[in-house]
Amino acid sequence: MAKSFTSALVAAAFTAGLVFYLAHSRHPSLENAGAPMRSMARTSRLVSMARLPQRITVTRAVAQPDITSQYTEPNQKLRHSTHISEGNQRALDIDSVYSGKSFEGKNIVVTGANRGLGLQLATELVSKGANVIGTTRKGGIDLDGINQVIDGIDVADDAAMGKLVKDLNGKKIDILINNAGYFLKDPETIDNLNFPEEMKMIDICAVGPLRTTAALVNAGLMDAGSKVITITSQGGSIAWRDVQNEGGPYDYGHHMSKGGTACVSMRVHNIRLGLDIESYNCFAHWNSSAAANMMCKLLSMELKEKGISVLAVHPGFNKTKMTEKYKDIWEEEGAVDPRVGAKRVCHEIELLDLVNTGKFVNAEDGLEIPW
């Protein structure tokens, strides 16, 4: 009976696959058939394509439990418009909830602190009385009141970690903010992939934070009660790819570095259906995000035993050099000045403890992002 049941399942699967193939492929027999046959083929494809959003909706429902208040909205434009329509003060006016008083006197390392969000994070923390140690790959940091600047720190370089520890000279670190990142701007499609750039992005955005954290922890510079924050991206959420990457861009490297095969399967699936795919894909971006998020989760589990809390935080959509490629949608999707983005991140840092360690949070509204 078991054998008969298995045979029936195989037969059913084969039949379903055959029907799908005939409905979605441009088979020679269909191309050469008369108008009625072509019409039927087109109708069949249209029916299948019409069902596609339903499958995406089901995927979103599975990815996001019924605890609707736990997760933020994946559609950036809808999220922003909802914040406005609901008068969400947490999202629209961070000063209404953020204090920053807990940072006074704290020793805080910010990597990549010479520009963009990193510079604004350092600036905000200095204004709250923190002892900020900013690192750069090269050059200084134009910021009055910064406690220390350590240059020559490439987070993709193992040797640089020894320099970082040496230059800290035994100083205990209360908070480490892994901010240094890299974003490939050139378009990528599945037939135009830049593998060296993808690996570079993964090394900087995913391995870099782990390399830096390990250096400080293993040197005994982070005690129980300290915090590790990694600036990552909502692009690392595999559960959200059906929503945020439908029709492109795919940004492989970014999503993978910040678990990453979903983007590839979506690309191939859409081509198979004959859908119109736009050509501005940057796969590297998405791939780097997923790896970074995996790193943060594992790190939170191990460091919890040492009393160190860990947070992966999406800083929101900020108007920085890194996001200039998307400046045409900055306003409609709620991009903010990085000074606001910095306060949003700092607010989440203040809320972090061992109870909520290991979370993936959207700093725009404080809600979680599904892995």
# chains A, B, ... in the order shown; residues from 1 in each chain; ligands from 1
$ residues_around --residues "Gly307 (chain A)" --least-positions-apart "5" --cutoff "9 Å" --atoms "only C-alpha atoms" --output "list in words"
Asp223, Ala224, Gly225, Ser226, Lys227 and Leu354 of chain A
$ residues_around --residues "region 113-115 of chain A" --least-positions-apart "5" --cutoff "10 Å" --atoms "only C-alpha atoms" --output "ChimeraX atom specification"
/A:120-123,132-143,149-151,177-180,320-321
$ residues_around --residues "Glu333 (chain A)" --least-positions-apart "5" --cutoff "7 Å" --atoms "only C-alpha atoms" --output "PDB file with C-alpha atoms, in the first residue's frame"
ATOM      1  CA  GLN A  76       8.685  50.589   2.273  1.00  0.00           C
ATOM      2  CA  LYS A  77       6.279  52.972   0.530  1.00  0.00           C
ATOM      3  CA  HIS A  80       5.878  55.246   5.299  1.00  0.00           C
TER       4      HIS A  80
END
$ closest_residue --among "A:Ile94, A:Ile202, A:Val165, A:Ile231" --to "Ala214 (chain A)" --atoms "only C-alpha atoms"
A:Val165
$ residues_around --residues "Ile173 (chain A)" --least-positions-apart "5" --cutoff "12 Å" --atoms "only C-alpha atoms" --output "tab-separated table (two decimals) with all heavy atoms, in the first residue's frame"
chain	number	residue	atom	x	y	z
A	105	GLY	N	29.33	59.23	29.49
A	105	GLY	CA	30.46	58.57	30.12
A	105	GLY	C	30.80	57.20	29.57
A	105	GLY	O	31.79	56.59	30.00
A	106	LYS	N	30.03	56.71	28.62
A	106	LYS	CA	30.27	55.38	28.05
A	106	LYS	C	31.37	55.44	26.98
A	106	LYS	O	31.46	56.41	26.22
A	106	LYS	CB	28.99	54.83	27.42
A	106	LYS	CG	27.87	54.52	28.41
A	106	LYS	CD	28.22	53.31	29.26
A	106	LYS	CE	26.99	52.75	29.99
A	106	LYS	NZ	26.34	53.71	30.87
A	107	ASN	N	32.18	54.40	26.93
A	107	ASN	CA	33.19	54.26	25.89
A	107	ASN	C	32.56	53.52	24.70
A	107	ASN	O	32.18	52.35	24.83
A	107	ASN	CB	34.40	53.48	26.39
A	107	ASN	CG	35.17	54.21	27.47
A	107	ASN	OD1	35.17	55.45	27.52
A	107	ASN	ND2	35.82	53.47	28.35
A	108	ILE	N	32.45	54.20	23.58
A	108	ILE	CA	31.73	53.65	22.44
A	108	ILE	C	32.60	53.69	21.18
A	108	ILE	O	33.09	54.76	20.79
A	108	ILE	CB	30.42	54.43	22.18
A	108	ILE	CG1	29.55	54.43	23.44
A	108	ILE	CG2	29.68	53.83	20.99
A	108	ILE	CD1	28.27	55.24	23.30
A	109	VAL	N	32.79	52.53	20.56
A	109	VAL	CA	33.53	52.45	19.31
A	109	VAL	C	32.54	52.46	18.15
A	109	VAL	O	31.57	51.70	18.14
A	109	VAL	CB	34.39	51.17	19.24
A	109	VAL	CG1	34.94	50.96	17.83
A	109	VAL	CG2	35.53	51.23	20.25
A	110	VAL	N	32.80	53.33	17.17
A	110	VAL	CA	31.98	53.39	15.96
A	110	VAL	C	32.92	53.17	14.77
A	110	VAL	O	33.81	53.98	14.53
A	110	VAL	CB	31.26	54.74	15.80
A	110	VAL	CG1	30.41	54.74	14.53
A	110	VAL	CG2	30.41	55.04	17.02
A	130	ALA	N	29.14	60.87	25.48
A	130	ALA	CA	29.86	59.60	25.37
A	130	ALA	C	31.31	59.84	24.98
A	130	ALA	O	31.65	60.86	24.36
A	130	ALA	CB	29.19	58.72	24.32
A	131	ASN	N	32.19	58.92	25.37
A	131	ASN	CA	33.58	58.93	24.94
A	131	ASN	C	33.66	58.11	23.65
A	131	ASN	O	33.73	56.88	23.69
A	131	ASN	CB	34.48	58.32	26.01
A	131	ASN	CG	34.38	59.03	27.34
A	131	ASN	OD1	34.41	60.27	27.39
A	131	ASN	ND2	34.24	58.28	28.42
A	132	VAL	N	33.61	58.79	22.53
A	132	VAL	CA	33.51	58.10	21.24
A	132	VAL	C	34.89	57.86	20.64
A	132	VAL	O	35.71	58.78	20.53
A	132	VAL	CB	32.65	58.91	20.25
A	132	VAL	CG1	32.62	58.23	18.88
A	132	VAL	CG2	31.23	59.07	20.79
A	133	ILE	N	35.13	56.60	20.28
A	133	ILE	CA	36.33	56.22	19.55
A	133	ILE	C	35.89	55.87	18.14
A	133	ILE	O	35.16	54.89	17.91
A	133	ILE	CB	37.04	55.00	20.18
A	133	ILE	CG1	37.39	55.30	21.64
A	133	ILE	CG2	38.27	54.63	19.37
A	133	ILE	CD1	36.42	54.72	22.63
A	165	VAL	N	43.12	46.89	18.59
A	165	VAL	CA	43.26	46.52	19.99
A	165	VAL	C	44.44	47.25	20.62
A	165	VAL	O	44.35	47.77	21.75
A	165	VAL	CB	43.45	44.99	20.12
A	165	VAL	CG1	43.83	44.62	21.55
A	165	VAL	CG2	42.17	44.27	19.72
A	168	LEU	N	43.67	50.93	21.29
A	168	LEU	CA	42.71	51.13	22.39
A	168	LEU	C	43.42	51.09	23.73
A	168	LEU	O	42.90	51.61	24.74
A	168	LEU	CB	41.59	50.08	22.33
A	168	LEU	CG	40.55	50.28	21.23
A	168	LEU	CD1	39.61	49.08	21.14
A	168	LEU	CD2	39.75	51.56	21.45
A	213	THR	N	34.26	42.47	16.32
A	213	THR	CA	33.71	42.05	17.62
A	213	THR	C	34.63	41.03	18.29
A	213	THR	O	34.93	41.13	19.48
A	213	THR	CB	32.31	41.46	17.45
A	213	THR	OG1	31.47	42.41	16.79
A	213	THR	CG2	31.71	41.10	18.80
A	215	ALA	N	37.77	40.60	17.88
A	215	ALA	CA	39.02	41.21	18.31
A	215	ALA	C	38.87	41.86	19.69
A	215	ALA	O	39.73	41.68	20.58
A	215	ALA	CB	39.47	42.26	17.29
A	216	LEU	N	37.79	42.60	19.90
A	216	LEU	CA	37.59	43.29	21.17
A	216	LEU	C	37.23	42.31	22.30
A	216	LEU	O	37.73	42.44	23.42
A	216	LEU	CB	36.50	44.35	21.03
A	216	LEU	CG	36.76	45.47	20.02
A	216	LEU	CD1	35.72	46.57	20.16
A	216	LEU	CD2	38.16	46.05	20.17
A	217	VAL	N	36.38	41.35	22.00
A	217	VAL	CA	35.97	40.39	23.03
A	217	VAL	C	37.15	39.52	23.45
A	217	VAL	O	37.41	39.31	24.64
A	217	VAL	CB	34.81	39.51	22.52
A	217	VAL	CG1	34.53	38.37	23.50
A	217	VAL	CG2	33.55	40.36	22.34
A	219	ALA	N	40.21	40.18	23.30
A	219	ALA	CA	41.24	40.97	23.98
A	219	ALA	C	40.81	41.34	25.40
A	219	ALA	O	41.55	42.02	26.12
A	219	ALA	CB	41.56	42.23	23.18
A	220	GLY	N	39.61	40.92	25.77
A	220	GLY	CA	39.11	41.20	27.11
A	220	GLY	C	38.65	42.64	27.30
A	220	GLY	O	38.59	43.14	28.42
A	221	LEU	N	38.29	43.31	26.17
A	221	LEU	CA	37.90	44.71	26.25
A	221	LEU	C	36.39	44.92	26.38
A	221	LEU	O	35.94	46.06	26.51
A	221	LEU	CB	38.42	45.47	25.02
A	221	LEU	CG	39.94	45.47	24.83
A	221	LEU	CD1	40.31	46.30	23.60
A	221	LEU	CD2	40.65	46.00	26.07
A	222	MET	N	35.63	43.84	26.33
A	222	MET	CA	34.17	43.96	26.49
A	222	MET	C	33.71	43.03	27.60
A	222	MET	O	33.81	41.80	27.51
A	222	MET	CB	33.46	43.63	25.17
A	222	MET	CG	33.85	44.56	24.02
A	222	MET	SD	32.78	44.45	22.57
A	222	MET	CE	31.32	45.36	23.16
A	223	ASP	N	33.18	43.62	28.66
A	223	ASP	CA	32.73	42.86	29.83
A	223	ASP	C	31.23	42.63	29.79
A	223	ASP	O	30.52	43.13	28.90
A	223	ASP	CB	33.09	43.62	31.11
A	223	ASP	CG	34.59	43.75	31.31
A	223	ASP	OD1	35.34	42.88	30.79
A	223	ASP	OD2	35.02	44.71	31.98
A	224	ALA	N	30.74	41.90	30.77
A	224	ALA	CA	29.30	41.68	30.91
A	224	ALA	C	28.61	43.03	31.02
A	224	ALA	O	29.09	43.93	31.72
A	224	ALA	CB	29.02	40.83	32.14
A	225	GLY	N	27.50	43.18	30.33
A	225	GLY	CA	26.76	44.44	30.33
A	225	GLY	C	27.06	45.29	29.11
A	225	GLY	O	26.35	46.26	28.85
A	226	SER	N	28.09	44.93	28.36
A	226	SER	CA	28.40	45.69	27.15
A	226	SER	C	27.48	45.27	26.01
A	226	SER	O	26.75	44.27	26.11
A	226	SER	CB	29.87	45.50	26.75
A	226	SER	OG	30.17	44.13	26.58
A	227	LYS	N	27.51	46.03	24.91
A	227	LYS	CA	26.59	45.80	23.80
A	227	LYS	C	27.32	45.82	22.47
A	227	LYS	O	28.27	46.60	22.29
A	227	LYS	CB	25.50	46.88	23.78
A	227	LYS	CG	24.68	46.99	25.07
A	227	LYS	CD	23.64	48.10	24.97
A	227	LYS	CE	22.84	48.24	26.27
A	227	LYS	NZ	21.76	49.25	26.16
A	228	VAL	N	26.85	44.96	21.56
A	228	VAL	CA	27.37	44.93	20.19
A	228	VAL	C	26.22	45.21	19.23
A	228	VAL	O	25.22	44.50	19.23
A	228	VAL	CB	28.00	43.56	19.85
A	228	VAL	CG1	28.43	43.54	18.37
A	228	VAL	CG2	29.18	43.27	20.76
A	308	ILE	N	26.92	39.73	27.24
A	308	ILE	CA	27.00	40.78	26.21
A	308	ILE	C	25.80	40.66	25.29
A	308	ILE	O	25.53	39.58	24.74
A	308	ILE	CB	28.30	40.65	25.39
A	308	ILE	CG1	29.51	40.77	26.32
A	308	ILE	CG2	28.36	41.71	24.30
A	308	ILE	CD1	30.85	40.49	25.64
$ closest_residue --among "A:Ala239, A:Val155, A:Val336, A:Leu117" --to "Pro74 (chain A)" --atoms "only C-alpha atoms"
A:Ala239
$ decode --residues "region 116-138 of chain A" --atoms "N, CA and C atoms" --output "PDB file, in the first residue's frame"
ATOM      1  N   GLY A 116      28.756  59.821   6.379  1.00  0.00           N
ATOM      2  CA  GLY A 116      27.437  59.188   6.342  1.00  0.00           C
ATOM      3  C   GLY A 116      26.843  58.936   7.711  1.00  0.00           C
ATOM      4  N   LEU A 117      26.174  57.799   7.838  1.00  0.00           N
ATOM      5  CA  LEU A 117      25.513  57.450   9.093  1.00  0.00           C
ATOM      6  C   LEU A 117      26.521  57.296  10.223  1.00  0.00           C
ATOM      7  N   GLY A 118      27.707  56.752   9.916  1.00  0.00           N
ATOM      8  CA  GLY A 118      28.719  56.575  10.955  1.00  0.00           C
ATOM      9  C   GLY A 118      29.127  57.889  11.589  1.00  0.00           C
ATOM     10  N   LEU A 119      29.328  58.919  10.779  1.00  0.00           N
ATOM     11  CA  LEU A 119      29.682  60.237  11.300  1.00  0.00           C
ATOM     12  C   LEU A 119      28.548  60.818  12.132  1.00  0.00           C
ATOM     13  N   GLN A 120      27.317  60.618  11.687  1.00  0.00           N
ATOM     14  CA  GLN A 120      26.169  61.139  12.435  1.00  0.00           C
ATOM     15  C   GLN A 120      25.963  60.400  13.748  1.00  0.00           C
ATOM     16  N   LEU A 121      26.256  59.099  13.760  1.00  0.00           N
ATOM     17  CA  LEU A 121      26.188  58.332  15.012  1.00  0.00           C
ATOM     18  C   LEU A 121      27.222  58.864  16.001  1.00  0.00           C
ATOM     19  N   ALA A 122      28.450  59.065  15.509  1.00  0.00           N
ATOM     20  CA  ALA A 122      29.504  59.588  16.374  1.00  0.00           C
ATOM     21  C   ALA A 122      29.134  60.979  16.892  1.00  0.00           C
ATOM     22  N   THR A 123      28.594  61.806  16.009  1.00  0.00           N
ATOM     23  CA  THR A 123      28.199  63.170  16.390  1.00  0.00           C
ATOM     24  C   THR A 123      27.117  63.147  17.467  1.00  0.00           C
ATOM     25  N   GLU A 124      26.108  62.315  17.275  1.00  0.00           N
ATOM     26  CA  GLU A 124      25.014  62.221  18.240  1.00  0.00           C
ATOM     27  C   GLU A 124      25.509  61.729  19.592  1.00  0.00           C
ATOM     28  N   LEU A 125      26.365  60.738  19.585  1.00  0.00           N
ATOM     29  CA  LEU A 125      26.861  60.161  20.838  1.00  0.00           C
ATOM     30  C   LEU A 125      27.770  61.137  21.581  1.00  0.00           C
ATOM     31  N   VAL A 126      28.581  61.894  20.851  1.00  0.00           N
ATOM     32  CA  VAL A 126      29.416  62.918  21.474  1.00  0.00           C
ATOM     33  C   VAL A 126      28.526  63.967  22.154  1.00  0.00           C
ATOM     34  N   SER A 127      27.427  64.333  21.482  1.00  0.00           N
ATOM     35  CA  SER A 127      26.516  65.337  22.051  1.00  0.00           C
ATOM     36  C   SER A 127      25.849  64.852  23.332  1.00  0.00           C
ATOM     37  N   LYS A 128      25.817  63.534  23.533  1.00  0.00           N
ATOM     38  CA  LYS A 128      25.203  62.956  24.737  1.00  0.00           C
ATOM     39  C   LYS A 128      26.234  62.643  25.812  1.00  0.00           C
ATOM     40  N   GLY A 129      27.469  63.082  25.584  1.00  0.00           N
ATOM     41  CA  GLY A 129      28.487  62.909  26.615  1.00  0.00           C
ATOM     42  C   GLY A 129      29.243  61.606  26.572  1.00  0.00           C
ATOM     43  N   ALA A 130      29.138  60.870  25.485  1.00  0.00           N
ATOM     44  CA  ALA A 130      29.864  59.605  25.367  1.00  0.00           C
ATOM     45  C   ALA A 130      31.313  59.841  24.982  1.00  0.00           C
ATOM     46  N   ASN A 131      32.188  58.915  25.374  1.00  0.00           N
ATOM     47  CA  ASN A 131      33.579  58.931  24.940  1.00  0.00           C
ATOM     48  C   ASN A 131      33.660  58.107  23.653  1.00  0.00           C
ATOM     49  N   VAL A 132      33.610  58.787  22.530  1.00  0.00           N
ATOM     50  CA  VAL A 132      33.510  58.103  21.239  1.00  0.00           C
ATOM     51  C   VAL A 132      34.887  57.856  20.643  1.00  0.00           C
ATOM     52  N   ILE A 133      35.129  56.601  20.280  1.00  0.00           N
ATOM     53  CA  ILE A 133      36.332  56.218  19.545  1.00  0.00           C
ATOM     54  C   ILE A 133      35.888  55.874  18.137  1.00  0.00           C
ATOM     55  N   GLY A 134      36.279  56.696  17.183  1.00  0.00           N
ATOM     56  CA  GLY A 134      35.873  56.479  15.802  1.00  0.00           C
ATOM     57  C   GLY A 134      36.991  55.841  14.996  1.00  0.00           C
ATOM     58  N   THR A 135      36.660  54.852  14.190  1.00  0.00           N
ATOM     59  CA  THR A 135      37.674  54.245  13.335  1.00  0.00           C
ATOM     60  C   THR A 135      37.406  54.602  11.879  1.00  0.00           C
ATOM     61  N   THR A 136      38.491  54.685  11.111  1.00  0.00           N
ATOM     62  CA  THR A 136      38.373  54.934   9.676  1.00  0.00           C
ATOM     63  C   THR A 136      39.360  54.026   8.942  1.00  0.00           C
ATOM     64  N   ARG A 137      39.081  53.789   7.686  1.00  0.00           N
ATOM     65  CA  ARG A 137      40.023  53.017   6.867  1.00  0.00           C
ATOM     66  C   ARG A 137      41.236  53.875   6.555  1.00  0.00           C
ATOM     67  N   LYS A 138      40.990  55.137   6.271  1.00  0.00           N
ATOM     68  CA  LYS A 138      42.079  56.084   6.080  1.00  0.00           C
ATOM     69  C   LYS A 138      41.554  57.502   6.327  1.00  0.00           C
TER      70      LYS A 138
END
